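*Asks:* Before we start, here is the structure in question, set down as structure tokens.
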Amino acid sequence: MSGEVVQIDQRKANLEAITRLGFAAYPNKFDTTHSVSQLVDGHSAKSKEDLEATRIDTVTAGRIVSVRSFGKASFLVLSDGRSRLQVYVRQDALSERDYQLSKLLDIGDQIGVTGHLFRTKTNELSIWASSLQFLAKCFLPLPEKWHGLQDVEIRYRQRYLDLIVNPDVRRVFEIRTGTVSAIREFLTSHGFLEVETPMMQKIAGGALARPFVTHHNALDMQLYLRIAPELYLKRLTVGGVERVFEINRNFRNEGISTQHNPEFTMLEFYWAYVDYQRLMSFTEELLSKVATQVIGTTSFPFGEHTIDMSAPFKRVSLRHAAAEEASKRLGVPVSVDELRSLDSAKALAGKLGVEIPKGAGPGKIASAIFESLWEEHLIQPTFVYDFPTEVSPLSKQRPDDPDTVERFELYIGGFEVANAFSELNDPVEQRRRFEEQLSQFAAGDQEAHAMDEDYVRALEYGMPPAGGEGIGIDRLVMLLSNSLSIRDVILFPLMRPRADEA
RNA sequence: GGGCGGGUAGCUCAGUGGUAGAGCAGGAGCCUUUUAAGCUUCUGGCCGUGGGUUCGAUCCCCACCCCGCUCACCA
């Protein structure tokens with residue numbers, strides 16, 4: 001028999017013995033006066049004398065995460081998932097039945113404890129237990145107390161174990177929740193209305209990406225999981241919702257990496273009557289406020305870097321930055337105009353060794369060159385602005401330059417965190433852009449945008465000029481929590497099934 | 001999808017072409033203020049899966065599965 005099976009049998013036998021003492025195997029409830037965290041937060045500053053002068057009685061509950069036993073006395077460490085508190089159990093302080101129970105407890109069991117707070121000889125805040133309640137059995141042995149759970153595969157597949165034994169994991173997900181709350185508060189306080197738009201869409205629009213396909217049986221209809229909420233949120237601006245946002249999941253049927261998960265959370269907001277310039281300053285304000293609120297500072301470590309998220313952020317124009325860096329690499333002057341014609345842009349990409357997708361026009365080549373030369377070096381928050389129209393089918397052109405749209409992407413930590421633009425609200429131009437996308441699709445670009453007739457019709461009713469922005473929540477949380485993989489900020493990242501699960 | 005690395009006890013990790021190792025966890029014993037408690041002792045393994053080479057494979061070779069990193073793609 002394997003060691004694990006032996007332990008399971010022993011723990012089952014312990015549970016039987018516990019029920020023979022008269023405890024329910026799975027009691028339905030246990031009334032507490034405090035959580036472990038409340039006790040730790042509220043009393044960890046109190047001295048031994050404080051606790052002796054004013055006795056604090058408590059009833060609490062949690063999971064036993066370690067045991068140090070001395071025969072007729074033992075120390076249990078109780079965790080409520082966030083904090084840990086020691087419980088001192090001694091025979092002469094308990095009823096015989098509760099003392100017998102204490103001998104049958106295993107690491108991982110859930111228990112309730114009644115007692116009062118004190119400090120031990122080594123000054124550790126503890127509960128002096130006067131009675132115990134059995135709450136649930138842990139049959140499987142927990143990972144090791146000292147090294148915790150290291151195997152990332154098990155950490156992701158069995159996140160509950162990760163949360164039990166690796167306390168820092170809880171912190172990351174508290175940062176995640178705090179970030180979402182802070183953003184919500186910020187936008188709401190600026191008059192934005194939070195909404196929910198369809199996740200199942202007849203046309204997967206609003207971004208350039210390959211969608212997941214699904215099917216509705218009763219309607220016998222093919223549907224896509226959304227790749228972005230964009231077109232629905234803009235329909236709402238047509239409907240008069242001048243400030244609107246949504247924080248929700250998007251789904252993209254593409255590769256997985258440390259920065260990409262097939263489902264990811266995005267904030268999108270739309271703001272009538274402003275342009276992308278206003279969005280830049282708004283983004284600076286939003287991010288520095290969120291960082292301060294969630295982690296208490298705008299300056300924080302990320303991998304080997306220290307990121308400074310205080311305003312203002314750096315700003316670089318895409319074509320200018322690409323030309324400048326290309327010139328540096330090649331040792332010859334490179335003009336912005338070379339990025340505007342197909343032949344010269346192609347030649348430049350060739351000289352730089354930048355691969356370009358087939359059928360790409362000068363705009364796509366210019367942005368490919370930019371990403372290849374710059375992306376990983378953009379560690380400090382940087383707005384990259386003024387994108388080629390060709391790669392931005394939903395953005396509004398600059399009045400002085402139809403080849404360029406009023407769009408920016410925000411890079412932090414070497415990856416894209418936000419994407420924003422002055423929204424295209426001219427239905428004729430929008431239809432032309434969709435048709436251009438259709439021809440790119442025909443040329444083999446599977447990520448080209450589909451035609452959305454209803455969206456064009458909505459624009460025909462008149463959409464106010466507006467700025468719109470998407471912020472990748474997972475990536476923002478990676479930065480704030482110093483997590484180098486997106487899977488570390490997603491509770492249950494997508495994993496291939498294992499053979500023994502199939 | 002390509003390249004590199006990994007998969008050995010419940011967990012963290014060593015290791016070898018010839019009976020499989022440690023620490024933690026677990027069992028038994030001692031122990032009523034410990035802090036990775038301690039001491040004695042014991043248990044626990046399809047060495048990822050399937051082929052091959054070999055007298056003999058956990059180790060060498062091939063294929064496959066899963067994970068990580070990276071490149072490609074994307075946000």
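For the structure tokens, the naming scheme is as follows: chains receive sequential letters (A, B, ...) according to their order of presentation, residues are indexed from 1 within each chain, and ligands are indexed from 1 in presentation order.
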If we count only C-alpha atoms (C1' of nucleotides), which residues of chain B reach to within 9 Å of chain A? Please list them as a list in words.
*Replies:*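 Result, ordered by chain then number: A9, G10, C11, U12, C24, A25, G26, G27, C30, C31, U32, U33, U34, U35, A36, A37, U43, G44, G45, C65, C66, C67, G68, C73, C74 and A75 of chain B.
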*Asks:* Would you list the contacts of Gly350 of chain A as a PyMOL selection string, taking every protein, DNA or RNA residue within 12 Å and counting only C-alpha atoms (C1' of nucleotides), but skipping same-chain residues closer than 3 positions in sequence?
*Replies:* chain A and resi 326+330+343-347+353-356+365+368-369
*Asks:* Convert the current residue selection to file output with C-alpha atoms, as a compact mmCIF listing (two decimals), in the first residue's frame.
*Replies:*
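Output contents, as saved in again22.txt:
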# COMPACT_ATOMS: atom_id res chain seq x y z
CA ALA A 326 15.57 51.57 -36.83
CA LEU A 330 21.06 50.32 -38.96
CA ASP A 343 7.93 49.09 -50.83
CA SER A 344 10.14 51.12 -48.53
CA ALA A 345 8.48 49.73 -45.38
CA LYS A 346 9.02 46.18 -46.65
CA ALA A 347 12.63 46.91 -47.45
CA GLY A 353 15.10 41.20 -39.85
CA VAL A 354 11.52 41.84 -38.79
CA GLU A 355 9.09 39.24 -40.05
CA ILE A 356 5.93 40.64 -41.54
CA ILE A 365 4.57 46.63 -41.27
CA ALA A 368 5.34 45.14 -36.62
CA ILE A 369 8.65 47.00 -36.75
*Asks:* Neighbouring residues of segment 46-59 of chain B were defined as those with any atom within 9 Å, considering only C-alpha atoms (C1' of nucleotides); residues of the same chain fewer than 3 positions away were excluded. Please report them as an mmCIF file with N, CA and C atoms (P, O5', C5', C4', C3', O3' and C1' of nucleotides), in the first residue's frame.
*Replies:*
data_model
loop_
_atom_site.group_PDB
_atom_site.id
_atom_site.type_symbol
_atom_site.label_atom_id
_atom_site.label_comp_id
_atom_site.auth_asym_id
_atom_site.auth_seq_id
_atom_site.Cartn_x
_atom_site.Cartn_y
_atom_site.Cartn_z
ATOM 1 P P G B 7 13.193 15.449 -13.518
ATOM 2 O "O5'" G B 7 11.618 15.269 -13.449
ATOM 3 C "C5'" G B 7 10.870 15.885 -12.396
ATOM 4 C "C4'" G B 7 9.419 15.431 -12.487
ATOM 5 C "C3'" G B 7 9.248 13.927 -12.277
ATOM 6 O "O3'" G B 7 8.086 13.662 -11.489
ATOM 7 C "C1'" G B 7 8.368 14.590 -14.391
ATOM 8 P P U B 8 8.314 13.286 -9.975
ATOM 9 O "O5'" U B 8 9.341 12.071 -9.985
ATOM 10 C "C5'" U B 8 8.904 10.755 -10.248
ATOM 11 C "C4'" U B 8 9.641 9.769 -9.400
ATOM 12 C "C3'" U B 8 9.586 10.025 -7.903
ATOM 13 O "O3'" U B 8 8.379 9.561 -7.322
ATOM 14 C "C1'" U B 8 11.823 9.611 -8.515
ATOM 15 P P U B 16 24.461 10.009 -10.284
ATOM 16 O "O5'" U B 16 24.520 8.467 -10.622
ATOM 17 C "C5'" U B 16 25.384 7.585 -9.890
ATOM 18 C "C4'" U B 16 24.853 6.184 -9.987
ATOM 19 C "C3'" U B 16 24.540 5.708 -11.398
ATOM 20 O "O3'" U B 16 25.691 5.240 -12.087
ATOM 21 C "C1'" U B 16 22.718 5.209 -9.994
ATOM 22 P P G B 17 25.687 5.107 -13.684
ATOM 23 O "O5'" G B 17 24.424 4.187 -13.991
ATOM 24 C "C5'" G B 17 24.345 3.394 -15.151
ATOM 25 C "C4'" G B 17 23.625 2.093 -14.865
ATOM 26 C "C3'" G B 17 24.517 0.975 -14.333
ATOM 27 O "O3'" G B 17 23.772 0.142 -13.467
ATOM 28 C "C1'" G B 17 23.453 0.256 -16.274
ATOM 29 P P G B 18 23.923 0.300 -11.908
ATOM 30 O "O5'" G B 18 23.401 -1.085 -11.330
ATOM 31 C "C5'" G B 18 21.993 -1.306 -11.182
ATOM 32 C "C4'" G B 18 21.745 -2.687 -10.601
ATOM 33 C "C3'" G B 18 22.450 -2.982 -9.291
ATOM 34 O "O3'" G B 18 21.661 -3.895 -8.533
ATOM 35 C "C1'" G B 18 23.267 -4.443 -10.965
ATOM 36 P P A B 20 15.647 -1.642 -5.697
ATOM 37 O "O5'" A B 20 16.452 -0.615 -4.804
ATOM 38 C "C5'" A B 20 17.595 0.046 -5.304
ATOM 39 C "C4'" A B 20 17.660 1.440 -4.731
ATOM 40 C "C3'" A B 20 17.268 1.495 -3.264
ATOM 41 O "O3'" A B 20 18.131 2.398 -2.590
ATOM 42 C "C1'" A B 20 15.862 2.920 -4.537
ATOM 43 P P C B 62 16.955 9.538 -29.021
ATOM 44 O "O5'" C B 62 15.665 8.770 -29.540
ATOM 45 C "C5'" C B 62 15.626 8.192 -30.835
ATOM 46 C "C4'" C B 62 14.315 7.496 -31.068
ATOM 47 C "C3'" C B 62 13.070 8.299 -30.730
ATOM 48 O "O3'" C B 62 12.715 9.213 -31.746
ATOM 49 C "C1'" C B 62 12.854 6.119 -29.839
ATOM 50 P P A B 63 11.895 10.548 -31.339
ATOM 51 O "O5'" A B 63 10.427 9.986 -31.031
ATOM 52 C "C5'" A B 63 9.655 9.406 -32.081
ATOM 53 C "C4'" A B 63 8.419 8.761 -31.507
ATOM 54 C "C3'" A B 63 7.525 9.677 -30.687
ATOM 55 O "O3'" A B 63 6.688 10.492 -31.483
ATOM 56 C "C1'" A B 63 7.827 7.638 -29.533
ATOM 57 P P C B 64 6.271 11.966 -30.970
ATOM 58 O "O5'" C B 64 5.220 11.630 -29.821
ATOM 59 C "C5'" C B 64 4.010 10.952 -30.126
ATOM 60 C "C4'" C B 64 3.344 10.452 -28.867
ATOM 61 C "C3'" C B 64 2.977 11.515 -27.837
ATOM 62 O "O3'" C B 64 1.789 12.199 -28.160
ATOM 63 C "C1'" C B 64 4.001 9.689 -26.745
ATOM 64 P P C B 65 1.592 13.722 -27.623
ATOM 65 O "O5'" C B 65 1.272 13.518 -26.084
ATOM 66 C "C5'" C B 65 0.138 12.766 -25.674
ATOM 67 C "C4'" C B 65 0.090 12.673 -24.169
ATOM 68 C "C3'" C B 65 0.250 13.998 -23.435
ATOM 69 O "O3'" C B 65 -0.966 14.718 -23.381
ATOM 70 C "C1'" C B 65 1.642 12.382 -22.441
ATOM 71 P P C B 66 -0.958 16.315 -23.469
ATOM 72 O "O5'" C B 66 -0.438 16.753 -22.039
ATOM 73 C "C5'" C B 66 -1.240 16.537 -20.890
ATOM 74 C "C4'" C B 66 -0.440 16.787 -19.644
ATOM 75 C "C3'" C B 66 0.253 18.142 -19.559
ATOM 76 O "O3'" C B 66 -0.640 19.189 -19.213
ATOM 77 C "C1'" C B 66 1.766 16.465 -18.911
#
*Asks:* If we count only C-alpha atoms (C1' of nucleotides) and set the cut-off at 12 Å, which residues sit around G3 of chain B, ignoring sequence neighbours fewer than 6 positions away in its own chain? Please answer as a PyMOL selection string.
*Replies:* chain B and resi 69-72
*Asks:* Using only C-alpha atoms (C1' of nucleotides), determine which residues lie at most 12 Å from segment 434-444 of chain A, disregarding the query and same-chain residues fewer than 5 positions distant; provide the list as a ChimeraX atom specification.
*Replies:* /A:205-210,357-361,364,389-395,424,427-429,449-453,455-456
*Asks:* Could you state the separation of atom CA of Ser126 of chain A and atom CA of Ser66 of chain A in Å, given to one decimal place?
*Replies:*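 Spanning atom CA of Ser126 of chain A to atom CA of Ser66 of chain A is a straight-line distance of 13.9 Å.
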*Asks:* Hey, what does DSSP flag as strand (DSSP E or B) within segment 304-418 of chain A? Can you give it to me as a ChimeraX atom specification?
*Replies:* /A:305-308,314-317,382-388,395,397-398,401-412,415-418
*Asks:* Deliver the residues from the most recent selection as a file, using N, CA and C atoms, as a compact mmCIF listing (two decimals), in the first residue's frame.
*Replies:*
# COMPACT_ATOMS: atom_id res chain seq x y z
N HIS A 305 12.90 44.84 -12.18
CA HIS A 305 12.72 46.28 -12.33
C HIS A 305 11.95 46.89 -11.18
N THR A 306 12.05 48.22 -11.08
CA THR A 306 11.16 48.96 -10.20
C THR A 306 10.33 49.86 -11.09
N ILE A 307 9.04 49.70 -11.03
CA ILE A 307 8.16 50.46 -11.91
C ILE A 307 7.59 51.65 -11.16
N ASP A 308 7.59 52.78 -11.84
CA ASP A 308 7.08 54.00 -11.25
C ASP A 308 5.79 54.40 -11.98
N LYS A 314 5.60 58.48 -19.90
CA LYS A 314 6.30 58.83 -21.15
C LYS A 314 5.35 58.71 -22.33
N ARG A 315 5.63 59.47 -23.40
CA ARG A 315 4.82 59.40 -24.62
C ARG A 315 5.73 59.31 -25.82
N VAL A 316 5.48 58.34 -26.69
CA VAL A 316 6.24 58.27 -27.95
C VAL A 316 5.28 58.00 -29.10
N SER A 317 5.56 58.64 -30.22
CA SER A 317 4.74 58.41 -31.42
C SER A 317 5.24 57.14 -32.11
N THR A 382 4.55 53.84 -20.62
CA THR A 382 4.79 54.64 -21.82
C THR A 382 3.57 54.57 -22.74
N PHE A 383 3.08 55.74 -23.12
CA PHE A 383 2.02 55.78 -24.12
C PHE A 383 2.65 55.78 -25.51
N VAL A 384 2.29 54.81 -26.31
CA VAL A 384 2.70 54.80 -27.71
C VAL A 384 1.49 55.28 -28.49
N TYR A 385 1.62 56.40 -29.23
CA TYR A 385 0.42 56.98 -29.81
C TYR A 385 0.56 57.17 -31.32
N ASP A 386 -0.58 57.42 -31.94
CA ASP A 386 -0.70 57.65 -33.38
C ASP A 386 -0.36 56.41 -34.20
N PHE A 387 -1.34 55.54 -34.31
CA PHE A 387 -1.18 54.26 -35.00
C PHE A 387 -1.56 54.37 -36.46
N PRO A 388 -1.05 53.48 -37.29
CA PRO A 388 -1.49 53.44 -38.69
C PRO A 388 -2.98 53.07 -38.76
N SER A 395 -10.89 53.05 -35.05
CA SER A 395 -10.41 54.33 -34.50
C SER A 395 -10.57 55.46 -35.50
N GLN A 397 -9.52 58.83 -37.54
CA GLN A 397 -8.31 59.39 -38.13
C GLN A 397 -7.99 60.76 -37.54
N ARG A 398 -6.70 61.09 -37.63
CA ARG A 398 -6.31 62.47 -37.32
C ARG A 398 -6.85 63.36 -38.42
N ASP A 401 -4.28 63.87 -41.08
CA ASP A 401 -3.53 62.74 -41.64
C ASP A 401 -4.39 61.49 -41.64
N PRO A 402 -5.05 61.19 -42.75
CA PRO A 402 -5.96 60.05 -42.79
C PRO A 402 -5.26 58.70 -42.64
N ASP A 403 -3.93 58.65 -42.81
CA ASP A 403 -3.19 57.40 -42.64
C ASP A 403 -2.96 57.06 -41.17
N THR A 404 -3.28 58.01 -40.32
CA THR A 404 -2.96 57.86 -38.90
C THR A 404 -4.23 58.05 -38.09
N VAL A 405 -4.40 57.19 -37.08
CA VAL A 405 -5.57 57.33 -36.21
C VAL A 405 -5.15 57.84 -34.84
N GLU A 406 -6.11 58.44 -34.16
CA GLU A 406 -5.88 58.94 -32.80
C GLU A 406 -6.02 57.78 -31.83
N ARG A 407 -4.93 57.07 -31.68
CA ARG A 407 -4.96 55.85 -30.86
C ARG A 407 -3.68 55.76 -30.06
N PHE A 408 -3.77 55.19 -28.85
CA PHE A 408 -2.53 54.89 -28.12
C PHE A 408 -2.64 53.54 -27.45
N GLU A 409 -1.48 52.95 -27.25
CA GLU A 409 -1.38 51.78 -26.38
C GLU A 409 -0.47 52.14 -25.24
N LEU A 410 -0.80 51.65 -24.05
CA LEU A 410 0.05 51.90 -22.88
C LEU A 410 0.84 50.63 -22.59
N TYR A 411 2.17 50.78 -22.56
CA TYR A 411 3.04 49.65 -22.23
C TYR A 411 3.63 49.85 -20.85
N ILE A 412 3.61 48.77 -20.07
CA ILE A 412 4.27 48.77 -18.76
C ILE A 412 4.87 47.39 -18.55
N PHE A 415 5.00 44.86 -21.63
CA PHE A 415 3.83 44.38 -22.38
C PHE A 415 2.72 45.42 -22.40
N GLU A 416 1.76 45.16 -23.28
CA GLU A 416 0.67 46.11 -23.46
C GLU A 416 -0.35 45.97 -22.34
N VAL A 417 -0.69 47.09 -21.73
CA VAL A 417 -1.66 47.07 -20.63
C VAL A 417 -2.98 47.72 -21.06
N ALA A 418 -2.89 48.73 -21.92
CA ALA A 418 -4.11 49.43 -22.33
C ALA A 418 -4.05 49.79 -23.80
